[in-house]
Each structure stands twice: as C-alpha cells, then as structure tokens.
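Student: My questions all concern the structure below.
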Amino acid sequence: MSMLQVKDLSIHFGGVKAVQNVTFNIDAGIVYAVIGPNGAGKTTLFNLITGVYKPTTGEITLDGEGIHGKSPNELATRGVARTFQNLQICMNMSAVENVMVGAHLRLDRNLVKAALRLPGLKKRDAELREEASELMNFVGLGQYVEARADAMSYGALKRLEIARALAMKPRLIFLDEPAAGLNPKETIEVDHLVRKIADSGVTVVLVEHDMKMVMNLSDRILVLNYGKKLAEGTGEEIRTNPDVIAAYLGAHA
Amino acid sequence: MKKSVYNGLYIVIAILVVLPFVLPNSFYVDLAIRMAINAVIVLGLNLLVGFAGQISLGHAGFLGIGAYASAVLPTHFGWHPLLAMAAGAAATGLLAAVVARPIFKLKGNYLAMATLGLGIIISIALRNEAQWTGGPDGMPVPAMGMFGFELTNDKQWYWVVAILLSVSVWASLNLIDSPFGRALRALHGSEVASQVVGVDVVRYKVAIFVLSAVFASLMGSVTAHYVGFVSPNFADFFHSIELMTMVVIGGMASVYGSLVGAVLLTALPQALATFEGWETVVFGAILMLSMIFLPKGLVPTLAAKFGKGE
C-alpha cells in the first residue's frame with residue numbers, strides 16, 4: 001500500500017476551485033514531483049496535505065490512517081515535514097536556533113524545568129545545538145551556524161528551512177520550490193541536497209519549476225493545471241504527454 | 001544566546017547588593033523598591049509581548065486581582081497573607097487560562113481590544129464591589145509576615161524585592177534559551193512555520209499569557225503589602241499602558257531591556273516633578289522621541305550599536 005494516498009481532494013475558496021478532485025498515491029522512499037503552471041494549485045495542495053488548509057471534500061490517508069482536517073502540529077507528530085515557497089524563517093532568532101526549533105517534538109518542553117535550568121535539560125540542549133550544527137553542515141550552511149537569520153542571503157535561508165524540516169527527523173518531507181530564486185550553481189547544490197535527503201530514506205515530495213531538476217530527481221511526476229490533475233507518470237511519460245505539452249507551451253505546439 | 005547573557009545577571013545582582021549602602025535616604029529606597037517591583041512585572045509582560053509577540057493591554061487587571069486578594073482575604077476572612085497571595089495568583093491564573101483560549105484565536109488589533117476589555121472589566125468590578133473593596137476609596141492592607149516576623153521597614157522590603165527580581169531575571173534567561181522559550185520565539189517569528197514543526201501554537205500562547213498574568217498578580221500582592229493600601233488605580237487601564245510602555249521603551253524581547261524600561265519610567269515622573277504641571281507633556285515628548293530614534297527600545301538599540309547583541 002502507498003504511504004500517502006490522496007483521493008478526490010478539493011478545496012474551494014468562495015467561487016474559486018483551487019484544487020478539484022485530485023487523486024494520487026505516493027509510495028514510500030521515492031521522490032515525487034508536483035509541477036504545473038503558476039496558479040495550478042501546487043502550493044494549495046501542499047497546504048491541504050500538511051494541514052494548513054482544511055479540504056472542502058476528499059480524503060488523505062497516511063499509512064492507511066485518515067489525516068485530512070488534522071492540524072499542522074498533529075501532522076508533525078506523524079513525521080510530516082515541509083518547507084515554504086515564500087520563506088517562513090524566524091528572523092528574531094539565530095540560524096542554529098531556527099534549526100533547533102525543528103526538533104521541538106523530540107524535546108522536553110516543560111516550562112518549570114526550563115525556568116530552573118535543570119542540569120539534564122541543559123545537557124540535552126547542548127547536544128541538540130551540536131545536532132543542529134551538523135544538520136546545517138549537511139545542507140551546506142556550516143559557516144552560518146552562529147549567524148543571525150536576518151543576516152543571511154535568500155539562498156541560504158532556503159536551505160535553512162530544509163535543515164529545520166530535517167531536524168524533525170521526518171519520514172515524509174514536502175519541499176515547496178526549493179530552487180526558486182536561486183542561481184544555477186545554488187540550484188545544482190539543492191539538486192544534490194534533495195538527492196542526499198532521498199538517499200537517507202526520507203520520502204520527498206517536491207514542487208519545482210526547474211524542469212531539469214524535476215526530471216533529474218523525480219521517480220514520478222504529477223501535473224496540475226487549473227486545480228485539476230492533468231497527468232501523472234514517470235518523467236519520460238510526462239515529457240511526451242500531449243496534454244502536458246499543450247498546457248505548458250499552448251495548444252498545437 | 002551564549003553564556004555571556006548571564007553576565008548581565010551578575011551585574012544586576014551586584015547593583016542590587018550595593019544600592020542600599022549608597023542610597024542617601026529612604027525616599028530613594030522607596031523608589032528602588034518600586035522600580036524593582038515594576039521590573040518583575042515588566043519581565044513577565046515582556047515574555048508575552050516581546051518574546052511571544054502577543055499583546056496584553058489589560059495586565060494591570062491581573063495586578064489588581066493580586067493586590068485585592070491580599071487586601072480583602074486577610075481583612076474580611078482572616079486569611080494568612082501568604083495564603084491570600086497564593087489564592088490571588090491561582091485565581092488570576094485560572095481566569096487568564098479560561099479567557100485566553102478564546103482570546104488567542106484573535107490576532108493583532110483584535111487581541112489588543114480583547115485584553116483591553118478584560119482589564120477594564122476587572123477594574124470596574126473592583127471599583128463597584130464597594131462592600132468588599134472599599135470602592136473608589138480603596139482599602140488598607142494588613143502587614144505581610146510569617147513565623148511572628150513582620151515585614152515593616154523599607155530595608156527589609158528592599159531585600160525581599162531584590163531577591164524576587166534576581167530570581168525572575170535568572171528564570172527568564174533560562175526560559176528564553178530552552179525548548180519552551182524557543183517555541184515561543186518561533187511562533188512570534190512565523191506562526192505557520194512553528195505549527196508545521198509541531199508547536200501547538202494556541203497552547204503556548206495561553207501558557208505564556210497565564211505565566212505573565214500570575215507574575216503580575218504576585219507582584220500586585222507584594223505592592224499591596226508594601227504600600228499598605230490598595231485602590232482601583234492599581235487595575236486601571238492607564239497602569240496597563242504604563243507597563244506596556246516600559247516594555248517598549250526598554251526593548252521588546254530583551255530581559256535587561258525590561259529592567260531598564262521599568263527603572264527609567266518609574267524614575268522619570270519623579271525626575272520631571274520640577275516641571276510642575278508640564279511634566280506629562282515632557283513625559284510624552286520623551287516617549288515620542290525615544291520611539292522615533294530608538295524604535296527597538298533602549299537596550300536592543302544600544303546593544304546593536306556597540307555590536308554586542310543580547
């Protein structure tokens with residue numbers, strides 16, 4: 001059985017049907033890409049699956065258990081992580097602290113123990129800082145460990161989001177346009193990074209406009225257009241699909 | 001957030017220890033006590049406002065509950081002052097928790113309005129329940145004491161308040177640099193990002209609201225016993241604004257900023273007394289100028305300027 005199953009998923013904002021009856025399955029351990037023109041509903045789909053929006057109709061199951069309508073923090077407890085297309089970095093914190101927040105659910109969050117700075121908690125916090133620094137190395141941000149988040153470049157912040165998501169030790173990670181706004185060199189680095197994440201056993205779902213990256217990384221691709229599923233298949237199937245070509249290049253292209 | 005933030009705590013303690021030996025007379029001791037009491041309240045409020053990014057324009061209401069618990073319960077029911085203080089804090093915590101759940105579904109201006117309303121309701125209740133609270137005239141508060149020892153003179157009060165302040169600074173520093181504190185700061189920085197990493201946002205907002213309300217209530221009790229008298233002005237809207245101003249002037253999300261804000265704004269009206277009648281105008285002008293030139297508050301602005309950071 002597939003890890004994630006999405007069935008007849010729809011959401012309407014007033015009269016706008018942002019996502020309409022979308023159905024697909026994602027198997028564990030693969031890289032799955034969602035592509036489509038701007039406004040096709042890709043980010044909305046991510047928001048639906050990660051609990052930021054509640055679907056109007058439809059079902060989402062993770063390992064056979066219904067997760068539609070659950071809040072983002074409940075989904076986090078089930079090992080679902082994500083990054084954002086428009087950065088969601090806590091600019092009031094340092095870079096490494098942003099990553100440490102990712103480990104929230106694995107920590108002792110007791111208020112009283114924290115206020116009294118009990119030795120066990122202090123030790124665990126030092127270990128966590130070490131772990132977060134290693135994660136920053138993993139995503140290629142080793143030199144920014146002590147930096148303030150608001151002093152970092154856009155490209156670096158994109159990767160900081162990935163490090164924060166990885167700090168959750170997720171089983172399933174949603175990356176919303178990880179290469180958007182990056183230069184060609186940075187894009188290649190993110191490409192390698194996504195590959196490394198997938199190789200570490202995390203299932204990756206990717207929204208991306210960089211077709212070279214999508215074709216290079218993805219095991220399967222879902223194409224959305226005007227909120228509907230246009231096609232689904234392997235890279236080769238998508239590349240030669242006449243509907244997809246029409247949507248991207250205009251009819252009779 | 002490295003070890004160095006605790007250096008400030010040692011400086012605070014050093015100042016608190018030396019201060020009573022250099023203050024010329026009891027007027028200054030009294031002022032120092034008021035500063036320290038305000039500093040503790042502002043610390044609690046800054047956790048909510050500066051670190052968690054929420055707002056409360058009704059905090060004086062919580063102060064009022066604590067103050068009146070310490071006045072009413074021992075006077076009318078013969079409760080021990082410490083028990084009354086604890087009861088006030090518990091009642092405040094309970095009220096804050098019950099009210100916070102619906103309130104923290106709101107954001108920004110709406111949240112400000114809701115907390116403002118809550119503070120005003122408390123203040124009206126204290127004013128109107130005259131048979132218990134003495135109404136607008138207020139009422140005297142029995143002395144605080146335990147084991148046959150009574151806190152009467154200013155020097156004793158000074159040490160009590162100095163210890164409370166030191167412990168509060170230490171606990172606040174600890175809290176900020178903990179998983180709990182990071183979750184608070186994260187939901188301030190990006191609510192949706194903190195949600196997707198598993199932070200139960202409403203629960204954290206409620207927790208810090210309750211904590212800062214209880215801080216205020218406890219210090220309300222302390223003030224009541226110290227001054228020996230309570231009046232509805234304790235819970236007044238203008239007092240809430242004054243506390244918020246201390247947070248903003250001293251520096252949002254800055255522990256030491258809270259102290260500086262409380263010290264300055266407690267001292268300023270005294271220092272401006274020479275302006276006779278014009279002091280509110282001068283006071284207002286100082287606030288405006290500091291907001292224009294130091295929008296992040298005194299301590300964060302100065303820290304950034306001298307490249308130390310907090």
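Quick note on naming: the chains in the structure tokens go A, B, ... in the order shown, residues restart at 1 in each chain, and ligands are numbered from 1 in order of appearance.
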Please report as a Markdown table every residue of chain A lying within 8 Å of chain B, along with the nearest atom pair and their distance in Å (one decimal), using only C-alpha atoms.
Tutor:
```
| residue | atom | partner | partner_atom | distance |
| --- | --- | --- | --- | --- |
| A:Thr50 | CA | B:Val196 | CA | 7.5 |
| A:Val52 | CA | B:Val192 | CA | 7.8 |
| A:Pro72 | CA | B:Val196 | CA | 4.9 |
| A:Asn73 | CA | B:Gly198 | CA | 3.8 |
| A:Glu74 | CA | B:Gly198 | CA | 6.7 |
| A:Leu75 | CA | B:Val196 | CA | 7.5 |
| A:Ala76 | CA | B:Gly198 | CA | 4.9 |
| A:Thr77 | CA | B:Gly198 | CA | 6.4 |
| A:Ala81 | CA | B:Val196 | CA | 6.7 |
| A:Arg82 | CA | B:Val196 | CA | 7.0 |
| A:Gln88 | CA | B:Ala193 | CA | 5.8 |
| A:Ile89 | CA | B:Ser190 | CA | 6.5 |
| A:Cys90 | CA | B:Gly189 | CA | 4.0 |
| A:Met91 | CA | B:Gly189 | CA | 6.0 |
| A:Asn92 | CA | B:Gly189 | CA | 5.9 |
| A:Met93 | CA | B:Arg185 | CA | 7.3 |
| A:Glu97 | CA | B:Arg182 | CA | 7.4 |
| A:Asn98 | CA | B:Ala186 | CA | 7.6 |
| A:Val101 | CA | B:Arg182 | CA | 6.4 |
| A:Gly102 | CA | B:Val197 | CA | 5.4 |
| A:Ala103 | CA | B:Val197 | CA | 7.5 |
| A:His104 | CA | B:Gly198 | CA | 6.6 |
| A:Leu105 | CA | B:Gly198 | CA | 6.1 |
| A:Leu107 | CA | B:Pro179 | CA | 6.8 |
| A:Asp108 | CA | B:Pro179 | CA | 7.1 |
| A:Arg109 | CA | B:Phe180 | CA | 5.1 |
| A:Asn110 | CA | B:Phe180 | CA | 6.8 |
| A:Leu111 | CA | B:Phe180 | CA | 6.2 |
| A:Ala114 | CA | B:Leu175 | CA | 5.3 |
| A:Ala115 | CA | B:Ala171 | CA | 4.6 |
| A:Leu116 | CA | B:Ala171 | CA | 6.2 |
| A:Arg117 | CA | B:Asn174 | CA | 5.8 |
| A:Asp125 | CA | B:Ser178 | CA | 7.3 |
| A:Ala165 | CA | B:Val197 | CA | 7.1 |
| A:Met168 | CA | B:Val197 | CA | 6.8 |
```
Student: Can you check which residues of stretch 9-136 of chain A DSSP gives as strand (DSSP E) on the backbone and send them as a count of residues only?
Tutor: 32
Student: Go through stretch 68-224 of chain A and collect every residue that DSSP, computed from the backbone, puts in helix (DSSP H, G or I); the answer should be as a VMD selection string.
Tutor: chain A and resid 72 to 77 95 to 102 104 to 106 111 to 116 119 to 138 142 to 144 149 to 151 154 to 166 184 to 199 211 to 217
Student: How about saving the chosen residues, C-alpha atoms kept, as a short mmCIF file (atom, residue, chain, number, x, y, z; two decimals), in the first residue's frame?
Tutor:
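Below you can see out-v2.cif, which holds the result:
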```cif
data_model
loop_
_atom_site.label_atom_id
_atom_site.label_comp_id
_atom_site.auth_asym_id
_atom_site.auth_seq_id
_atom_site.Cartn_x
_atom_site.Cartn_y
_atom_site.Cartn_z
CA PRO A 72 -0.23 21.01 11.15
CA ASN A 73 1.16 20.23 14.60
CA GLU A 74 -0.69 16.91 14.68
CA LEU A 75 0.78 16.05 11.28
CA ALA A 76 4.22 16.95 12.59
CA THR A 77 3.82 14.25 15.25
CA ALA A 95 20.21 30.38 12.29
CA VAL A 96 21.01 27.44 14.53
CA GLU A 97 18.04 28.21 16.78
CA ASN A 98 15.75 28.02 13.76
CA VAL A 99 17.02 24.51 13.17
CA MET A 100 16.71 23.63 16.87
CA VAL A 101 13.02 24.57 16.77
CA GLY A 102 12.62 21.82 14.20
CA HIS A 104 10.56 20.68 19.09
CA LEU A 105 8.61 17.44 19.37
CA ARG A 106 11.63 15.42 20.44
CA LEU A 111 8.17 25.16 31.47
CA VAL A 112 9.18 24.70 35.12
CA LYS A 113 12.20 22.57 34.33
CA ALA A 114 13.24 25.15 31.74
CA ALA A 115 12.91 28.08 34.15
CA LEU A 116 15.01 26.26 36.77
CA PRO A 119 21.12 20.02 34.50
CA GLY A 120 19.53 17.26 32.39
CA LEU A 121 17.74 19.78 30.23
CA LYS A 122 20.84 21.90 29.84
CA LYS A 123 22.87 18.91 28.69
CA ARG A 124 20.18 17.86 26.21
CA ASP A 125 20.10 21.41 24.86
CA ALA A 126 23.85 21.40 24.26
CA GLU A 127 23.53 18.07 22.42
CA LEU A 128 20.70 19.49 20.34
CA ARG A 129 22.78 22.53 19.39
CA GLU A 130 25.51 20.15 18.24
CA GLU A 131 23.00 18.12 16.24
CA ALA A 132 21.55 21.26 14.65
CA SER A 133 25.05 22.42 13.67
CA GLU A 134 25.66 19.06 11.99
CA LEU A 135 22.40 19.41 10.09
CA MET A 136 23.49 22.85 8.93
CA ASN A 137 26.69 21.28 7.68
CA PHE A 138 24.64 18.64 5.89
CA GLY A 142 28.30 25.16 8.07
CA GLN A 143 29.70 28.69 8.04
CA TYR A 144 26.37 30.20 9.21
CA ALA A 149 18.83 34.53 10.46
CA ASP A 150 18.14 38.08 9.29
CA ALA A 151 21.75 38.47 8.16
CA TYR A 154 17.89 34.24 0.35
CA GLY A 155 19.58 31.13 -0.98
CA ALA A 156 21.00 30.30 2.43
CA LEU A 157 17.61 30.78 4.10
CA LYS A 158 16.02 28.36 1.62
CA ARG A 159 18.45 25.71 2.79
CA LEU A 160 17.97 26.72 6.42
CA GLU A 161 14.30 25.82 6.01
CA ILE A 162 15.32 22.39 4.75
CA ALA A 163 17.63 21.93 7.75
CA ARG A 164 14.80 22.88 10.11
CA ALA A 165 12.48 20.38 8.44
CA LEU A 166 15.14 17.66 8.67
CA PRO A 184 22.35 27.99 -11.40
CA LYS A 185 25.16 27.00 -9.04
CA GLU A 186 22.90 27.09 -5.99
CA THR A 187 20.25 25.15 -7.92
CA ILE A 188 22.71 22.34 -8.58
CA GLU A 189 23.61 22.28 -4.89
CA VAL A 190 19.95 22.00 -3.91
CA ASP A 191 19.52 19.25 -6.51
CA HIS A 192 22.33 17.28 -4.82
CA LEU A 193 20.88 18.03 -1.40
CA VAL A 194 17.44 16.66 -2.33
CA ARG A 195 19.14 13.54 -3.67
CA LYS A 196 21.02 13.13 -0.37
CA ILE A 197 17.79 13.52 1.59
CA ALA A 198 16.03 10.90 -0.54
CA ASP A 199 19.02 8.55 -0.19
CA MET A 211 12.37 21.14 -15.16
CA LYS A 212 15.93 19.92 -15.38
CA MET A 213 15.94 19.39 -11.64
CA VAL A 214 12.49 17.78 -11.66
CA MET A 215 13.36 15.35 -14.46
CA ASN A 216 16.69 14.56 -12.90
CA LEU A 217 15.35 13.81 -9.40
#
```
Student: So that I can check the surroundings of stretch 20-37 of chain A, please list as a VMD selection string every protein, DNA and RNA residue that reaches within 7 Å of it, counting only C-alpha atoms and ignoring chain neighbours fewer than 6 positions away.
Tutor: chain A and resid 2 to 11 198 201 to 209 214 217 to 225 227 to 229 248
